[in-house]
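**Q** Structure file start35.cif, mmCIF, C-alpha atoms, is pasted below:
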data_entry
#
loop_
_atom_site.group_PDB
_atom_site.id
_atom_site.type_symbol
_atom_site.label_atom_id
_atom_site.label_comp_id
_atom_site.auth_asym_id
_atom_site.auth_seq_id
_atom_site.Cartn_x
_atom_site.Cartn_y
_atom_site.Cartn_z
ATOM 1 C CA MET A 1 8.674 -155.567 74.508
ATOM 2 C CA ARG A 2 10.412 -158.431 76.340
ATOM 3 C CA PHE A 3 7.247 -160.481 75.723
ATOM 4 C CA LYS A 4 7.710 -160.063 71.968
ATOM 5 C CA MET A 5 11.355 -161.151 72.226
ATOM 6 C CA ASP A 6 10.421 -164.220 74.263
ATOM 7 C CA GLY A 7 7.713 -165.091 71.753
ATOM 8 C CA ALA A 8 10.111 -164.680 68.829
ATOM 9 C CA GLN A 9 12.698 -166.880 70.533
ATOM 10 C CA ALA A 10 10.036 -169.501 71.234
ATOM 11 C CA ARG A 11 8.955 -169.463 67.561
ATOM 12 C CA VAL A 12 12.544 -170.030 66.414
ATOM 13 C CA GLN A 13 13.047 -172.848 68.942
ATOM 14 C CA LYS A 14 9.768 -174.511 67.931
ATOM 15 C CA ALA A 15 10.586 -174.302 64.209
ATOM 16 C CA VAL A 16 14.070 -175.760 64.710
ATOM 17 C CA SER A 17 12.784 -178.447 67.068
ATOM 18 C CA THR A 18 10.103 -179.473 64.554
ATOM 19 C CA MET A 19 12.735 -179.574 61.810
ATOM 20 C CA VAL A 20 15.043 -181.793 63.870
ATOM 21 C CA THR A 21 12.142 -184.119 64.720
ATOM 22 C CA ASN A 22 11.220 -184.403 61.038
ATOM 23 C CA LEU A 23 14.841 -185.057 60.038
ATOM 24 C CA ASP A 24 15.039 -187.763 62.678
ATOM 25 C CA LYS A 25 11.862 -189.469 61.486
ATOM 26 C CA ASP A 26 12.438 -189.009 57.751
ATOM 27 C CA CYS A 27 16.179 -189.693 57.512
ATOM 28 C CA LEU A 28 18.183 -190.489 60.607
ATOM 29 C CA ARG A 29 16.158 -193.411 61.899
ATOM 30 C CA LYS A 30 16.525 -195.294 58.617
ATOM 31 C CA LEU A 31 20.257 -194.657 58.661
ATOM 32 C CA GLN A 32 20.444 -195.799 62.285
ATOM 33 C CA ALA A 33 18.459 -198.950 61.570
ATOM 34 C CA ASP A 34 20.805 -199.737 58.660
ATOM 35 C CA MET A 35 23.785 -199.089 60.940
ATOM 36 C CA TYR A 36 22.509 -201.495 63.606
ATOM 37 C CA ARG A 37 21.733 -204.223 61.046
ATOM 38 C CA CYS A 38 25.218 -203.801 59.593
ATOM 39 C CA SER A 39 26.802 -203.853 63.065
ATOM 40 C CA THR A 40 24.899 -207.020 63.920
ATOM 41 C CA LYS A 41 26.380 -208.734 60.863
ATOM 42 C CA CYS A 42 29.842 -207.661 62.007
ATOM 43 C CA CYS A 43 29.306 -209.205 65.423
ATOM 44 C CA GLU A 44 27.853 -212.399 63.983
ATOM 45 C CA ASN A 45 30.917 -213.006 61.804
ATOM 46 C CA SER A 46 32.869 -215.456 63.953
ATOM 47 C CA SER A 47 35.850 -215.391 61.597
ATOM 48 C CA TYR A 48 36.578 -211.738 62.472
ATOM 49 C CA SER A 49 39.122 -210.829 65.088
ATOM 50 C CA LEU A 50 38.267 -208.349 67.816
ATOM 51 C CA GLU A 51 39.913 -205.563 65.798
ATOM 52 C CA GLU A 52 38.115 -206.562 62.597
ATOM 53 C CA VAL A 53 34.747 -206.532 64.363
ATOM 54 C CA GLN A 54 35.456 -203.066 65.746
ATOM 55 C CA HIS A 55 36.595 -201.791 62.350
ATOM 56 C CA CYS A 56 33.491 -203.248 60.716
ATOM 57 C CA ILE A 57 31.228 -201.593 63.300
ATOM 58 C CA ASP A 58 33.044 -198.285 62.812
ATOM 59 C CA GLN A 59 32.466 -198.538 59.066
ATOM 60 C CA CYS A 60 28.768 -199.257 59.665
ATOM 61 C CA SER A 61 28.400 -196.050 61.681
ATOM 62 C CA ASN A 62 30.095 -193.758 59.132
ATOM 63 C CA ARG A 63 26.905 -192.693 57.328
ATOM 64 C CA VAL A 64 25.056 -191.927 60.564
ATOM 65 C CA ASN A 65 27.999 -189.951 61.921
ATOM 66 C CA LYS A 66 28.339 -187.993 58.680
ATOM 67 C CA ALA A 67 24.605 -187.267 58.622
ATOM 68 C CA GLN A 68 24.587 -186.096 62.234
ATOM 69 C CA ASN A 69 27.650 -183.907 61.673
ATOM 70 C CA TYR A 70 26.095 -182.449 58.527
ATOM 71 C CA ILE A 71 22.877 -181.575 60.360
ATOM 72 C CA GLN A 72 24.809 -180.118 63.292
ATOM 73 C CA ASN A 73 26.942 -177.973 60.966
ATOM 74 C CA GLU A 74 23.895 -176.669 59.089
ATOM 75 C CA LEU A 75 22.167 -175.841 62.381
ATOM 76 C CA GLN A 76 25.274 -173.966 63.494
ATOM 77 C CA VAL A 77 25.290 -171.951 60.252
ATOM 78 C CA TYR A 78 21.595 -171.171 60.786
ATOM 79 C CA GLN A 79 22.218 -170.038 64.380
ATOM 80 C CA ASP A 80 25.222 -167.965 63.313
ATOM 81 C CA ARG A 81 23.144 -166.207 60.647
ATOM 82 C CA LEU A 82 20.416 -165.423 63.162
ATOM 83 C CA HIS A 83 22.996 -164.150 65.643
ATOM 84 C CA ARG A 84 24.607 -161.919 62.995
ATOM 85 C CA CYS A 85 21.201 -160.480 62.116
ATOM 86 C CA VAL A 86 20.523 -159.577 65.749
ATOM 87 C CA MET A 87 24.052 -158.182 66.158
ATOM 88 C CA SER A 88 23.432 -155.985 63.116
ATOM 89 C CA CYS A 89 20.324 -154.609 64.827
ATOM 90 C CA GLU A 90 22.394 -153.748 67.877
ATOM 91 C CA ASP A 91 25.193 -152.199 65.806
ATOM 92 C CA LYS A 92 22.801 -149.906 63.936
ATOM 93 C CA VAL A 93 21.529 -148.497 67.214
ATOM 94 C CA ARG A 94 24.908 -148.455 68.939
ATOM 95 C CA ASP A 95 26.225 -146.149 66.205
ATOM 96 C CA ARG A 96 23.538 -143.598 67.116
ATOM 97 C CA ILE A 97 24.280 -143.505 70.852
ATOM 98 C CA SER A 98 26.339 -140.548 72.002
ATOM 99 C CA SER A 99 27.266 -138.815 75.209
ATOM 100 C CA THR A 100 24.141 -136.669 74.873
ATOM 101 C CA THR A 101 21.753 -139.636 74.532
ATOM 102 C CA THR A 102 19.005 -139.396 77.122
ATOM 103 C CA GLU A 103 17.308 -142.194 79.047
ATOM 104 C CA ASN A 104 14.223 -141.582 76.927
ATOM 105 C CA ASP A 105 16.325 -142.016 73.778
ATOM 106 C CA MET A 106 17.840 -145.202 75.223
ATOM 107 C CA ALA A 107 14.367 -146.626 75.827
ATOM 108 C CA LYS A 108 13.483 -145.899 72.198
ATOM 109 C CA PHE A 109 16.726 -147.495 71.038
ATOM 110 C CA ARG A 110 16.049 -150.621 73.104
ATOM 111 C CA ALA A 111 12.598 -150.861 71.557
ATOM 112 C CA GLU A 112 14.149 -150.497 68.085
ATOM 113 C CA VAL A 113 16.671 -153.244 68.758
ATOM 114 C CA GLU A 114 13.989 -155.552 70.087
ATOM 115 C CA ALA A 115 11.684 -154.901 67.120
ATOM 116 C CA CYS A 116 14.567 -155.546 64.739
ATOM 117 C CA ALA A 117 15.529 -158.739 66.598
ATOM 118 C CA VAL A 118 11.930 -159.980 66.427
ATOM 119 C CA LYS A 119 12.016 -159.335 62.672
ATOM 120 C CA CYS A 120 15.259 -161.341 62.434
ATOM 121 C CA ALA A 121 13.661 -164.214 64.318
ATOM 122 C CA ASP A 122 10.566 -164.181 62.119
ATOM 123 C CA GLU A 123 12.693 -164.096 58.961
ATOM 124 C CA HIS A 124 14.728 -167.040 60.193
ATOM 125 C CA VAL A 125 11.618 -169.034 61.104
ATOM 126 C CA GLY A 126 10.647 -168.507 57.467
ATOM 127 C CA LEU A 127 13.959 -170.066 56.366
ATOM 128 C CA VAL A 128 13.335 -173.346 58.192
ATOM 129 C CA PRO A 129 11.125 -175.041 55.551
ATOM 130 C CA GLY A 130 13.726 -174.454 52.839
ATOM 131 C CA LEU A 131 16.542 -175.586 55.124
ATOM 132 C CA THR A 132 14.571 -178.709 56.039
ATOM 133 C CA LYS A 133 13.993 -179.527 52.375
ATOM 134 C CA LYS A 134 17.696 -179.027 51.573
ATOM 135 C CA LEU A 135 18.793 -181.225 54.461
ATOM 136 C CA ILE A 136 16.362 -184.027 53.599
ATOM 137 C CA GLU A 137 17.352 -183.926 49.927
ATOM 138 C CA ASN A 138 21.060 -184.074 50.724
ATOM 139 C CA LEU A 139 20.625 -186.776 53.340
ATOM 140 C CA SER A 140 18.436 -188.943 51.108
ATOM 141 C CA ARG A 141 20.828 -188.522 48.156
ATOM 142 C CA ASP A 142 23.728 -189.373 50.435
ATOM 143 C CA LYS A 143 25.442 -186.111 49.457
ATOM 144 C CA LEU A 144 27.633 -185.916 52.521
#
As structure tokens, please, write out the structure in this file.

**A**
Amino acid sequence: MRFKMDGAQARVQKAVSTMVTNLDKDCLRKLQADMYRCSTKCCENSSYSLEEVQHCIDQCSNRVNKAQNYIQNELQVYQDRLHRCVMSCEDKVRDRISSTTTENDMAKFRAEVEACAVKCADEHVGLVPGLTKKLIENLSRDKL
């Protein structure tokens, strides 16, 4: 059963990794390029003081920082949801364990938890396309 758990974890990691790669290519790189062009203009303005140049550069990086924070927060929500799903699997079985539970019963319970956790992982892999679409839409509309 451990093989199924490892496979489920790998599927989740691959889906999230692909999503992050797509977000980078489709959204973040454009924002970063804009940030660097803006920062270059700040540095080229010889009338600015040291503090004004730094403030200008900080302003240029705001959109990128907001976008990265937004993505990070959404990924954390996604991970928290997956974790809660798996914890629910464990809780359902834990409530059935008693002082009379045998080793054979425990093996069955472990298999139940693992099957439930695999289901959680598969369900959450299925959420990634919708999450990706939401993130891209919000990033491209500058809804941060």

**Q** Apply the PyMOL selection byres ((chain A and resi 135-137) around 8) to the file shown and report the selected residues as a PyMOL selection string.

**A** chain A and resi 23+26-27+71+131-134+138-141

**Q** Pick out the closest residue to A:Asp122 from this set: A:Asp105, A:Ser46, A:Cys85, A:Asp80. Count all atoms listed in the file.

**A**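 Smallest separation from A:Asp122 among the options: A:Cys85.
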
**Q** Which of these residues is nearest to A:Cys116, using only C-alpha atoms: A:Val16, A:Met87, A:Met35, A:Ala67?

**A**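 Among A:Val16, A:Met87, A:Met35, A:Ala67, it is A:Met87 that comes nearest to A:Cys116.
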
**Q** Identify, on the basis of all atoms listed in the file, every residue whose closest approach to A:Gly126 does not exceed 10 Å; exclude the query and any residue fewer than 6 positions from it along the same chain; express the result as a PDB file with C-alpha atoms, in the coordinates of the input.

**A**
ATOM      1  CA  VAL A  12      12.544-170.030  66.414  1.00  0.00           C
ATOM      2  CA  ALA A  15      10.586-174.302  64.209  1.00  0.00           C
ATOM      3  CA  CYS A 120      15.259-161.341  62.434  1.00  0.00           C
TER       4      CYS A 120
END

**Q** What is the distance between atom CA of A:Asn69 and atom CA of A:Gln32, in Å to one decimal?

**A**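 Computing the Euclidean distance for atom CA of A:Asn69 and atom CA of A:Gln32 yields 13.9 Å.
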
**Q** Rank nothing, just name the residue among A:Val20, A:Val64, A:Val53, A:Ala8 nearest to A:Ala121, using all atoms listed in the file.

**A** A:Ala8

**Q** Between atom CA of A:Ile97 and atom CA of A:Arg84, what is the distance, to one decimal in Å?

**A**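 Computing the Euclidean distance for atom CA of A:Ile97 and atom CA of A:Arg84 yields 20.0 Å.
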
**Q** With all atoms listed in the file as the basis for distance, which of A:Ala33, A:Cys42, A:Met5, A:Val86 is at the shortest distance from A:Arg63?

**A**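 Residue with the minimum atom-to-atom distance to A:Arg63: A:Ala33.
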
**Q** Under the PyMOL selection byres ((chain A and resi 92) around 12), which residues of this model are included? Write them out as a list in words.

**A**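 What the PyMOL selection byres ((chain A and resi 92) around 12) grabs from the file is Cys85, Val86, Met87, Ser88, Cys89, Glu90, Asp91, Val93, Arg94, Asp95, Arg96, Ile97, Phe109, Arg110, Glu112, Val113, Cys116 and Ala117 of chain A.
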
**Q** Please dump the current selection as a PDB file, in the coordinates of the input; keep C-alpha atoms.

**A**
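For reference, selection07.pdb as written:
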ATOM      1  CA  CYS A  85      21.201-160.480  62.116  1.00  0.00           C
ATOM      2  CA  VAL A  86      20.523-159.577  65.749  1.00  0.00           C
ATOM      3  CA  MET A  87      24.052-158.182  66.158  1.00  0.00           C
ATOM      4  CA  SER A  88      23.432-155.985  63.116  1.00  0.00           C
ATOM      5  CA  CYS A  89      20.324-154.609  64.827  1.00  0.00           C
ATOM      6  CA  GLU A  90      22.394-153.748  67.877  1.00  0.00           C
ATOM      7  CA  ASP A  91      25.193-152.199  65.806  1.00  0.00           C
ATOM      8  CA  VAL A  93      21.529-148.497  67.214  1.00  0.00           C
ATOM      9  CA  ARG A  94      24.908-148.455  68.939  1.00  0.00           C
ATOM     10  CA  ASP A  95      26.225-146.149  66.205  1.00  0.00           C
ATOM     11  CA  ARG A  96      23.538-143.598  67.116  1.00  0.00           C
ATOM     12  CA  ILE A  97      24.280-143.505  70.852  1.00  0.00           C
ATOM     13  CA  PHE A 109      16.726-147.495  71.038  1.00  0.00           C
ATOM     14  CA  ARG A 110      16.049-150.621  73.104  1.00  0.00           C
ATOM     15  CA  GLU A 112      14.149-150.497  68.085  1.00  0.00           C
ATOM     16  CA  VAL A 113      16.671-153.244  68.758  1.00  0.00           C
ATOM     17  CA  CYS A 116      14.567-155.546  64.739  1.00  0.00           C
ATOM     18  CA  ALA A 117      15.529-158.739  66.598  1.00  0.00           C
TER      19      ALA A 117
END

**Q** Which value, in Å to one decimal, gives the distance between atom CA of A:Asp34 and atom CA of A:Glu74?

**A**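 Pair atom CA of A:Asp34 / atom CA of A:Glu74 returns 23.3 Å.
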
**Q** Selection in question (the file shown): the PyMOL selection byres ((chain A and resi 38) around 9). Which residues does it include, as an NGL selection string?

**A** :A and (33-37 or 39-43 or 56-57 or 59-61)

**Q** Return the single residue from A:Leu75, A:Glu103, A:Asn62, A:Arg81 that is closest to A:Leu31, with distances computed using only C-alpha atoms.

**A** A:Asn62
